[in-house]
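K.L.:
Got a structure for you, written out below as structure tokens; questions coming shortly.
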Amino acid sequence: MLIIRKRFFHGWAIVAALFLVGFAEVVTFNPVLAVMMKPMAAEMGWSRTAIVGALSAGSVVSGGVALIVGPILDRRGARGTLVLGIAIMGLCLIGISQVTALWQFYMLFGLARAISAGIVELAISVAIANWFINKRARAFGIATTGPRIGLACIPPLALLLMSGMGWRGAWVGLGITTWLMGILPAVLFLGRRPEDFGLVPDGGTGHKKVESPIPHHSPSLKTDSIQKTDSSWTVKKALGSTPFWMLTAGQAIVTLASGGVNMHQLPHLTDRGIAPAVAVGAISSYAMWAMVGVLAWSFLAERWGVRRCLTLSLILSAIGVFVLARVDSVAMAFFYSAFYGLMFGGEMALFPLAWADYFGRTSLGTIKGISRPIVMIFNAAGPLFGGWIYDTTGNYWIAFLVFIISFLAGAAFIFASSPARPSRDG
């Protein structure tokens, strides 16, 4: 059932629905698993590397899932795919409460993670890109605050549930939370594209569809143009373009770093002498600062362009990881959470915006889906690498150094990328 109000642009209702869907998907994110990791390891006798391996396996599988789902999103929209995916996610999380062997945890959590990263994240970015063009940055900014608020709320909720019902009961509670927050908004509000309902993107009077994100009559216009038009990239032309491979490489190496940091920041803080409840508070604070960062970077991108803003946010994120490595007090832990959260918000908002701005709406799900296997292999490697370094050396120093270098390398790839024009036969 899709609710359409003529005087109110329905795209904003879709943004609100995707805000809630993004909140729901956080149950498979690294910080939530980090809350569960120590009690699960203590009861089951599993190492940190073994537990993180389930997340990494799911991330790798999500790349293959995205390859399949991308074309479906382009043809049919996000609603049915999201409803089915979230329903299965919740069922998997509830099933974790009954695991007795590591392979069962891998199967259930891995599948939930694969759906989250391979379906939910892709569907959110495609849906917003379909409904907005000139207001796309702010739409992405608002919608992607959902996961950030989820990261502020879900880890403390998991800790609270775990204190009352143990880690098994906590997984049941998280599964039910996923259903409550994710399914109904998707059923009620999501639609494929505004044109299907007699509307136009942004709620305006119309957009001219052109072959390039940069007008041909303005060669002096900066490549990070603020007044965007709806580009028309085919899959073939996108795969043959430099921007596709620069974005893919940049996002892949950045997700190696961000995935590793997000997974291991909580245990690192407790290893450094921060009390678990205080460490969870710092991570929740980080998520709230990331929400502020999402909104701030999104609005800055409308003025400065997505490429410049994304490059700067990644450089500053590298500095944030250095601060994390040096944390030795509660005050420093909260300083880290504020600084890194503000910078990390740029990555969350600006990568999906860059894909949409560079390649347009027509085949975005397919184009971005093709990049996902590469991106998610790196995303899977980051948490696994961090866990292996800890199990091998007893600390995260080497891992954090690699993550700092990865952020800087990713910034270099993004800075080298630039929206290019597909040829007129494409």
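In the structure tokens, chains take the letters A, B, ... in the order shown, each chain's residues start at 1, and ligands count up from 1 in the order shown.
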Within 7 Å of region 46-58 of chain A, counting only C-alpha atoms, which residues show up once you throw out same-chain ones fewer than 4 positions away? Write them as a list of chain:residue names, please.

P.N.:
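Contacts, in chain order: A:Met37, A:Ala41, A:Ser62, A:Tyr106, A:Phe109, A:Gly110, A:Leu111, A:Arg113, A:Ala114, A:Ala380, A:Ala381, A:Pro383, A:Leu384, A:Gly387, A:Trp388.
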
K.L.:
Could you save the residues just selected, with C-alpha atoms, as an mmCIF file, in the first residue's frame?

P.N.:
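Produced file out_23.cif, reproduced below:
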data_model
loop_
_atom_site.group_PDB
_atom_site.id
_atom_site.type_symbol
_atom_site.label_atom_id
_atom_site.label_comp_id
_atom_site.auth_asym_id
_atom_site.auth_seq_id
_atom_site.Cartn_x
_atom_site.Cartn_y
_atom_site.Cartn_z
ATOM 1 C CA MET A 37 31.287 -10.576 21.396
ATOM 2 C CA ALA A 41 33.154 -15.819 23.495
ATOM 3 C CA SER A 62 26.378 -9.617 0.383
ATOM 4 C CA TYR A 106 27.827 -18.255 10.848
ATOM 5 C CA PHE A 109 24.266 -14.029 11.438
ATOM 6 C CA GLY A 110 26.031 -14.331 8.086
ATOM 7 C CA LEU A 111 22.700 -14.418 6.245
ATOM 8 C CA ARG A 113 24.487 -9.482 7.475
ATOM 9 C CA ALA A 114 24.335 -10.414 3.779
ATOM 10 C CA ALA A 380 34.820 -8.144 5.359
ATOM 11 C CA ALA A 381 38.607 -8.099 5.541
ATOM 12 C CA PRO A 383 37.101 -6.648 10.976
ATOM 13 C CA LEU A 384 38.726 -10.025 10.337
ATOM 14 C CA GLY A 387 40.611 -9.619 15.113
ATOM 15 C CA TRP A 388 43.572 -11.596 13.762
#

K.L.:
Which residues, written as a ChimeraX atom specification, have at least one atom at most 8 Å from Pro194 (chain A), with only C-alpha atoms counted and residues fewer than 6 positions away on the same chain left out?

P.N.:
/A:11,130-131,200-201

K.L.:
Output N, CA and C atoms for every residue in the selection just made, as a PDB file, in the first residue's frame.

P.N.:
ATOM      1  N   GLY A  11       8.208  12.022  -1.912  1.00  0.00           N
ATOM      2  CA  GLY A  11       9.602  11.644  -1.714  1.00  0.00           C
ATOM      3  C   GLY A  11      10.066  11.816  -0.285  1.00  0.00           C
ATOM      4  N   ASN A 130      16.275   7.714  -6.922  1.00  0.00           N
ATOM      5  CA  ASN A 130      15.159   7.725  -7.861  1.00  0.00           C
ATOM      6  C   ASN A 130      14.199   8.882  -7.617  1.00  0.00           C
ATOM      7  N   TRP A 131      14.071   9.346  -6.384  1.00  0.00           N
ATOM      8  CA  TRP A 131      13.071  10.356  -6.043  1.00  0.00           C
ATOM      9  C   TRP A 131      13.630  11.768  -5.960  1.00  0.00           C
ATOM     10  N   VAL A 200       7.331  14.190 -10.325  1.00  0.00           N
ATOM     11  CA  VAL A 200       8.683  14.353 -10.844  1.00  0.00           C
ATOM     12  C   VAL A 200       9.657  14.430  -9.672  1.00  0.00           C
ATOM     13  N   PRO A 201      10.941  14.132  -9.901  1.00  0.00           N
ATOM     14  CA  PRO A 201      11.922  14.193  -8.810  1.00  0.00           C
ATOM     15  C   PRO A 201      11.950  15.560  -8.134  1.00  0.00           C
TER      16      PRO A 201
END

K.L.:
Here is a test: counting only C-alpha atoms, which residue of A:Val99, A:Phe8, A:Glu347, A:Ile68 is nearest to Trp171 (chain A)?

P.N.:
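Looking at the shortest contact to Trp171 (chain A), the residue is A:Val99.
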
K.L.:
When you count only C-alpha atoms, which of these residues is closest to Ile404 (chain A): A:Ala170, A:Leu312, A:Val35, A:Ala325?

P.N.:
A:Ala325

K.L.:
Extract, using only C-alpha atoms, all DNA, RNA and protein residues at most 6 Å from region 253-265 of chain A, discarding same-chain residues fewer than 4 positions from it, and format them as a list in words.

P.N.:
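In the requested form, the answer reads Asn30, Pro31, Ala34, Phe378, Asn379, Gly382, Pro383, Gly386, Phe403, Ser406, Phe407 and Gly410 of chain A.
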
K.L.:
Could you check which of A:Gly345, A:Gly394, A:Gly250, A:Pro276 is closest to Pro147 (chain A), using only C-alpha atoms?

P.N.:
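The closest residue to Pro147 (chain A) is A:Gly345.
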
K.L.:
For a test of reading the model, state the distance in Å between CA of Ala137 (chain A) and CA of Ser298 (chain A), rounded to one decimal.

P.N.:
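Value for the CA of Ala137 (chain A)-CA of Ser298 (chain A) distance: 5.2 Å.
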
K.L.:
Counting only C-alpha atoms, which of A:Thr270, A:Leu159, A:Val306, A:Gly175 gets nearest to Ile96 (chain A)?

P.N.:
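Closest candidate: A:Gly175.
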
K.L.:
Kindly indicate which residue among A:Gly369, A:Ser317, A:Val15, A:Ile176 lies nearest to Gly141 (chain A), using only C-alpha atoms for the distances.

P.N.:
A:Val15

K.L.:
Rank nothing, just name the residue among A:Ala252, A:Ala112, A:Ala349, A:Leu342 nearest to Gly95 (chain A), using only C-alpha atoms.

P.N.:
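The answer is A:Ala112, which sits nearest to Gly95 (chain A).
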
K.L.:
Identify all residues of region 31-222 of chain A in helix (DSSP H, G or I) (DSSP on the backbone) and supply them as JSON, numbers by chain.

P.N.:
{"A": [31, 32, 33, 34, 35, 36, 37, 38, 39, 40, 41, 42, 43, 44, 48, 49, 50, 51, 52, 53, 54, 55, 56, 57, 58, 59, 60, 61, 62, 63, 64, 65, 66, 67, 68, 69, 70, 71, 72, 73, 74, 75, 76, 79, 80, 81, 82, 83, 84, 85, 86, 87, 88, 89, 90, 91, 92, 93, 94, 95, 96, 102, 103, 104, 105, 106, 107, 108, 109, 110, 111, 112, 113, 114, 115, 116, 117, 118, 119, 120, 121, 122, 123, 124, 125, 126, 127, 128, 129, 130, 131, 136, 137, 138, 139, 140, 141, 142, 143, 145, 146, 147, 148, 149, 150, 151, 152, 153, 154, 155, 156, 157, 158, 159, 160, 161, 162, 163, 164, 165, 166, 167, 168, 169, 170, 171, 172, 173, 174, 175, 176, 177, 178, 179, 180, 181, 182, 183, 184, 185, 186, 187, 188, 189, 194, 195, 196, 197, 201, 202, 203]}

K.L.:
Do you know which residues are at most 9 Å from Ser125 (chain A) counting only C-alpha atoms, after dropping those on the same chain fewer than 3 positions away, and could you put them as a ChimeraX atom specification?

P.N.:
/A:120-122,128-130,140,352-353,355-356,364-365

K.L.:
What would the file look like if the residues just selected were written as a tab-separated table (two decimals), in the first residue's frame with C-alpha atoms?

P.N.:
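Once everything was written out, this is again.tsv:
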chain	number	residue	atom	x	y	z
A	120	VAL	CA	18.93	-2.98	2.57
A	121	GLU	CA	21.81	-0.55	2.06
A	122	LEU	CA	21.60	-0.80	-1.73
A	128	ILE	CA	16.48	8.03	-2.67
A	129	ALA	CA	18.35	8.56	-5.94
A	130	ASN	CA	15.16	7.72	-7.86
A	140	PHE	CA	20.51	11.26	1.64
A	352	PRO	CA	25.92	6.87	-1.89
A	353	LEU	CA	25.51	10.48	-3.02
A	355	TRP	CA	27.34	7.08	-6.92
A	356	ALA	CA	23.99	8.71	-7.64
A	364	LEU	CA	22.06	2.86	-10.54
A	365	GLY	CA	21.06	-0.36	-8.77

K.L.:
Within 12 Å of Ala16 (chain A), counting only C-alpha atoms, which residues qualify if same-chain residues fewer than 6 places away don't, as a list of chain:residue names?

P.N.:
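My list of contacting residues is A:His10, A:Gly22, A:Phe23, A:Ile124, A:Ala127, A:Ile128, A:Ala139, A:Phe140, A:Gly141, A:Ile142, A:Ala143, A:Thr144, A:Thr145, A:Gly146, A:Met181, A:Gly182, A:Pro185, A:Ala186, A:Leu188, A:Phe189, A:Leu190.
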
K.L.:
Those residues with N, CA and C atoms, as a PDB file, in the first residue's frame please?

P.N.:
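Result went into again12.pdb, see below:
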ATOM      1  N   HIS A  10       5.763  13.187  -2.047  1.00  0.00           N
ATOM      2  CA  HIS A  10       5.846  11.888  -1.385  1.00  0.00           C
ATOM      3  C   HIS A  10       7.283  11.419  -1.182  1.00  0.00           C
ATOM      4  N   GLY A  22      16.698   2.155   7.885  1.00  0.00           N
ATOM      5  CA  GLY A  22      18.114   2.242   8.226  1.00  0.00           C
ATOM      6  C   GLY A  22      18.360   2.019   9.709  1.00  0.00           C
ATOM      7  N   PHE A  23      17.467   2.534  10.547  1.00  0.00           N
ATOM      8  CA  PHE A  23      17.557   2.276  11.986  1.00  0.00           C
ATOM      9  C   PHE A  23      17.499   0.777  12.248  1.00  0.00           C
ATOM     10  N   ILE A 124      18.137   1.369  -0.103  1.00  0.00           N
ATOM     11  CA  ILE A 124      17.973   2.725   0.420  1.00  0.00           C
ATOM     12  C   ILE A 124      18.590   3.744  -0.531  1.00  0.00           C
ATOM     13  N   ALA A 127      16.548   3.959  -3.879  1.00  0.00           N
ATOM     14  CA  ALA A 127      15.240   4.587  -3.706  1.00  0.00           C
ATOM     15  C   ALA A 127      15.364   6.101  -3.596  1.00  0.00           C
ATOM     16  N   ILE A 128      16.321   6.581  -2.817  1.00  0.00           N
ATOM     17  CA  ILE A 128      16.479   8.032  -2.666  1.00  0.00           C
ATOM     18  C   ILE A 128      16.931   8.663  -3.979  1.00  0.00           C
ATOM     19  N   ALA A 139      18.372  14.800   1.026  1.00  0.00           N
ATOM     20  CA  ALA A 139      17.562  13.598   1.215  1.00  0.00           C
ATOM     21  C   ALA A 139      18.416  12.449   1.731  1.00  0.00           C
ATOM     22  N   PHE A 140      19.596  12.266   1.132  1.00  0.00           N
ATOM     23  CA  PHE A 140      20.514  11.256   1.641  1.00  0.00           C
ATOM     24  C   PHE A 140      20.915  11.568   3.078  1.00  0.00           C
ATOM     25  N   GLY A 141      21.173  12.834   3.358  1.00  0.00           N
ATOM     26  CA  GLY A 141      21.596  13.208   4.699  1.00  0.00           C
ATOM     27  C   GLY A 141      20.557  12.867   5.750  1.00  0.00           C
ATOM     28  N   ILE A 142      19.290  13.163   5.459  1.00  0.00           N
ATOM     29  CA  ILE A 142      18.228  12.880   6.424  1.00  0.00           C
ATOM     30  C   ILE A 142      18.036  11.376   6.585  1.00  0.00           C
ATOM     31  N   ALA A 143      17.975  10.656   5.476  1.00  0.00           N
ATOM     32  CA  ALA A 143      17.726   9.212   5.549  1.00  0.00           C
ATOM     33  C   ALA A 143      18.852   8.472   6.256  1.00  0.00           C
ATOM     34  N   THR A 144      20.091   8.872   5.994  1.00  0.00           N
ATOM     35  CA  THR A 144      21.212   8.147   6.581  1.00  0.00           C
ATOM     36  C   THR A 144      21.487   8.525   8.028  1.00  0.00           C
ATOM     37  N   THR A 145      20.713   9.438   8.584  1.00  0.00           N
ATOM     38  CA  THR A 145      20.789   9.617  10.032  1.00  0.00           C
ATOM     39  C   THR A 145      20.084   8.467  10.764  1.00  0.00           C
ATOM     40  N   GLY A 146      19.233   7.727  10.047  1.00  0.00           N
ATOM     41  CA  GLY A 146      18.559   6.578  10.667  1.00  0.00           C
ATOM     42  C   GLY A 146      19.538   5.568  11.245  1.00  0.00           C
ATOM     43  N   MET A 181      10.593  -1.955  13.373  1.00  0.00           N
ATOM     44  CA  MET A 181      11.067  -0.700  12.806  1.00  0.00           C
ATOM     45  C   MET A 181      11.158  -0.719  11.290  1.00  0.00           C
ATOM     46  N   GLY A 182      11.306  -1.901  10.690  1.00  0.00           N
ATOM     47  CA  GLY A 182      11.633  -1.940   9.273  1.00  0.00           C
ATOM     48  C   GLY A 182      10.532  -2.316   8.309  1.00  0.00           C
ATOM     49  N   PRO A 185       6.985   0.574   7.656  1.00  0.00           N
ATOM     50  CA  PRO A 185       7.257   1.763   6.832  1.00  0.00           C
ATOM     51  C   PRO A 185       7.495   1.421   5.362  1.00  0.00           C
ATOM     52  N   ALA A 186       8.193   0.313   5.111  1.00  0.00           N
ATOM     53  CA  ALA A 186       8.447  -0.077   3.728  1.00  0.00           C
ATOM     54  C   ALA A 186       7.152  -0.442   3.014  1.00  0.00           C
ATOM     55  N   LEU A 188       4.081   0.616   3.663  1.00  0.00           N
ATOM     56  CA  LEU A 188       3.151   1.739   3.524  1.00  0.00           C
ATOM     57  C   LEU A 188       3.601   2.799   2.525  1.00  0.00           C
ATOM     58  N   PHE A 189       4.890   3.074   2.430  1.00  0.00           N
ATOM     59  CA  PHE A 189       5.313   4.297   1.767  1.00  0.00           C
ATOM     60  C   PHE A 189       6.194   4.138   0.530  1.00  0.00           C
ATOM     61  N   LEU A 190       6.883   3.026   0.370  1.00  0.00           N
ATOM     62  CA  LEU A 190       7.862   2.963  -0.708  1.00  0.00           C
ATOM     63  C   LEU A 190       7.209   2.792  -2.072  1.00  0.00           C
TER      64      LEU A 190
END

K.L.:
I want to know what sits within 10 Å of Leu82 (chain A), based on only C-alpha atoms, with residues of the same chain fewer than 2 positions away left out; could you give that as a ChimeraX atom specification?

P.N.:
/A:21,73,77-80,84-88,115-116,119-124,182-183,186-187,190

K.L.:
Could you write out that same residue set with N, CA and C atoms as a PDB file, in the first residue's frame?

P.N.:
ATOM      1  N   VAL A  21      13.931   2.254   8.240  1.00  0.00           N
ATOM      2  CA  VAL A  21      14.541   1.028   7.733  1.00  0.00           C
ATOM      3  C   VAL A  21      16.027   1.007   8.061  1.00  0.00           C
ATOM      4  N   LEU A  73      15.994  -3.949  -8.301  1.00  0.00           N
ATOM      5  CA  LEU A  73      15.656  -2.626  -7.770  1.00  0.00           C
ATOM      6  C   LEU A  73      15.415  -1.632  -8.899  1.00  0.00           C
ATOM      7  N   GLY A  77      11.693  -1.488  -8.081  1.00  0.00           N
ATOM      8  CA  GLY A  77      11.716  -0.662  -6.886  1.00  0.00           C
ATOM      9  C   GLY A  77      12.081  -1.456  -5.652  1.00  0.00           C
ATOM     10  N   ALA A  78      12.072  -0.758  -4.501  1.00  0.00           N
ATOM     11  CA  ALA A  78      12.657  -1.316  -3.287  1.00  0.00           C
ATOM     12  C   ALA A  78      11.664  -1.980  -2.349  1.00  0.00           C
ATOM     13  N   ARG A  79      10.360  -1.720  -2.496  1.00  0.00           N
ATOM     14  CA  ARG A  79       9.433  -2.105  -1.442  1.00  0.00           C
ATOM     15  C   ARG A  79       9.401  -3.606  -1.181  1.00  0.00           C
ATOM     16  N   GLY A  80       9.071  -4.409  -2.186  1.00  0.00           N
ATOM     17  CA  GLY A  80       8.951  -5.850  -1.974  1.00  0.00           C
ATOM     18  C   GLY A  80      10.244  -6.485  -1.519  1.00  0.00           C
ATOM     19  N   LEU A  84      10.703  -8.379   2.266  1.00  0.00           N
ATOM     20  CA  LEU A  84      11.137  -9.774   2.366  1.00  0.00           C
ATOM     21  C   LEU A  84      12.482  -9.874   3.081  1.00  0.00           C
ATOM     22  N   GLY A  85      13.408  -9.004   2.720  1.00  0.00           N
ATOM     23  CA  GLY A  85      14.739  -9.060   3.324  1.00  0.00           C
ATOM     24  C   GLY A  85      14.716  -8.805   4.813  1.00  0.00           C
ATOM     25  N   ILE A  86      13.972  -7.791   5.245  1.00  0.00           N
ATOM     26  CA  ILE A  86      13.916  -7.468   6.672  1.00  0.00           C
ATOM     27  C   ILE A  86      13.218  -8.571   7.456  1.00  0.00           C
ATOM     28  N   ALA A  87      12.199  -9.185   6.868  1.00  0.00           N
ATOM     29  CA  ALA A  87      11.513 -10.296   7.540  1.00  0.00           C
ATOM     30  C   ALA A  87      12.486 -11.453   7.797  1.00  0.00           C
ATOM     31  N   ILE A  88      13.308 -11.768   6.811  1.00  0.00           N
ATOM     32  CA  ILE A  88      14.281 -12.856   6.973  1.00  0.00           C
ATOM     33  C   ILE A  88      15.368 -12.454   7.961  1.00  0.00           C
ATOM     34  N   ILE A 115      21.984  -9.829   3.949  1.00  0.00           N
ATOM     35  CA  ILE A 115      20.766  -9.111   3.567  1.00  0.00           C
ATOM     36  C   ILE A 115      20.911  -7.624   3.870  1.00  0.00           C
ATOM     37  N   SER A 116      21.458  -7.308   5.036  1.00  0.00           N
ATOM     38  CA  SER A 116      21.631  -5.909   5.427  1.00  0.00           C
ATOM     39  C   SER A 116      22.524  -5.160   4.444  1.00  0.00           C
ATOM     40  N   ILE A 119      21.195  -5.991   0.398  1.00  0.00           N
ATOM     41  CA  ILE A 119      19.850  -5.595  -0.029  1.00  0.00           C
ATOM     42  C   ILE A 119      19.463  -4.252   0.576  1.00  0.00           C
ATOM     43  N   VAL A 120      19.481  -4.157   1.897  1.00  0.00           N
ATOM     44  CA  VAL A 120      18.926  -2.977   2.566  1.00  0.00           C
ATOM     45  C   VAL A 120      19.703  -1.718   2.211  1.00  0.00           C
ATOM     46  N   GLU A 121      21.027  -1.741   2.345  1.00  0.00           N
ATOM     47  CA  GLU A 121      21.813  -0.547   2.058  1.00  0.00           C
ATOM     48  C   GLU A 121      21.685  -0.136   0.600  1.00  0.00           C
ATOM     49  N   LEU A 122      21.720  -1.107  -0.308  1.00  0.00           N
ATOM     50  CA  LEU A 122      21.601  -0.799  -1.731  1.00  0.00           C
ATOM     51  C   LEU A 122      20.217  -0.249  -2.051  1.00  0.00           C
ATOM     52  N   ALA A 123      19.186  -0.850  -1.478  1.00  0.00           N
ATOM     53  CA  ALA A 123      17.818  -0.403  -1.749  1.00  0.00           C
ATOM     54  C   ALA A 123      17.591   1.024  -1.256  1.00  0.00           C
ATOM     55  N   ILE A 124      18.137   1.369  -0.103  1.00  0.00           N
ATOM     56  CA  ILE A 124      17.973   2.725   0.420  1.00  0.00           C
ATOM     57  C   ILE A 124      18.590   3.744  -0.531  1.00  0.00           C
ATOM     58  N   GLY A 182      11.306  -1.901  10.690  1.00  0.00           N
ATOM     59  CA  GLY A 182      11.633  -1.940   9.273  1.00  0.00           C
ATOM     60  C   GLY A 182      10.532  -2.316   8.309  1.00  0.00           C
ATOM     61  N   ILE A 183       9.609  -3.188   8.716  1.00  0.00           N
ATOM     62  CA  ILE A 183       8.673  -3.745   7.740  1.00  0.00           C
ATOM     63  C   ILE A 183       7.533  -2.794   7.410  1.00  0.00           C
ATOM     64  N   ALA A 186       8.193   0.313   5.111  1.00  0.00           N
ATOM     65  CA  ALA A 186       8.447  -0.077   3.728  1.00  0.00           C
ATOM     66  C   ALA A 186       7.152  -0.442   3.014  1.00  0.00           C
ATOM     67  N   VAL A 187       6.264  -1.152   3.702  1.00  0.00           N
ATOM     68  CA  VAL A 187       4.987  -1.557   3.101  1.00  0.00           C
ATOM     69  C   VAL A 187       4.131  -0.341   2.764  1.00  0.00           C
ATOM     70  N   LEU A 190       6.883   3.026   0.370  1.00  0.00           N
ATOM     71  CA  LEU A 190       7.862   2.963  -0.708  1.00  0.00           C
ATOM     72  C   LEU A 190       7.209   2.792  -2.072  1.00  0.00           C
TER      73      LEU A 190
END
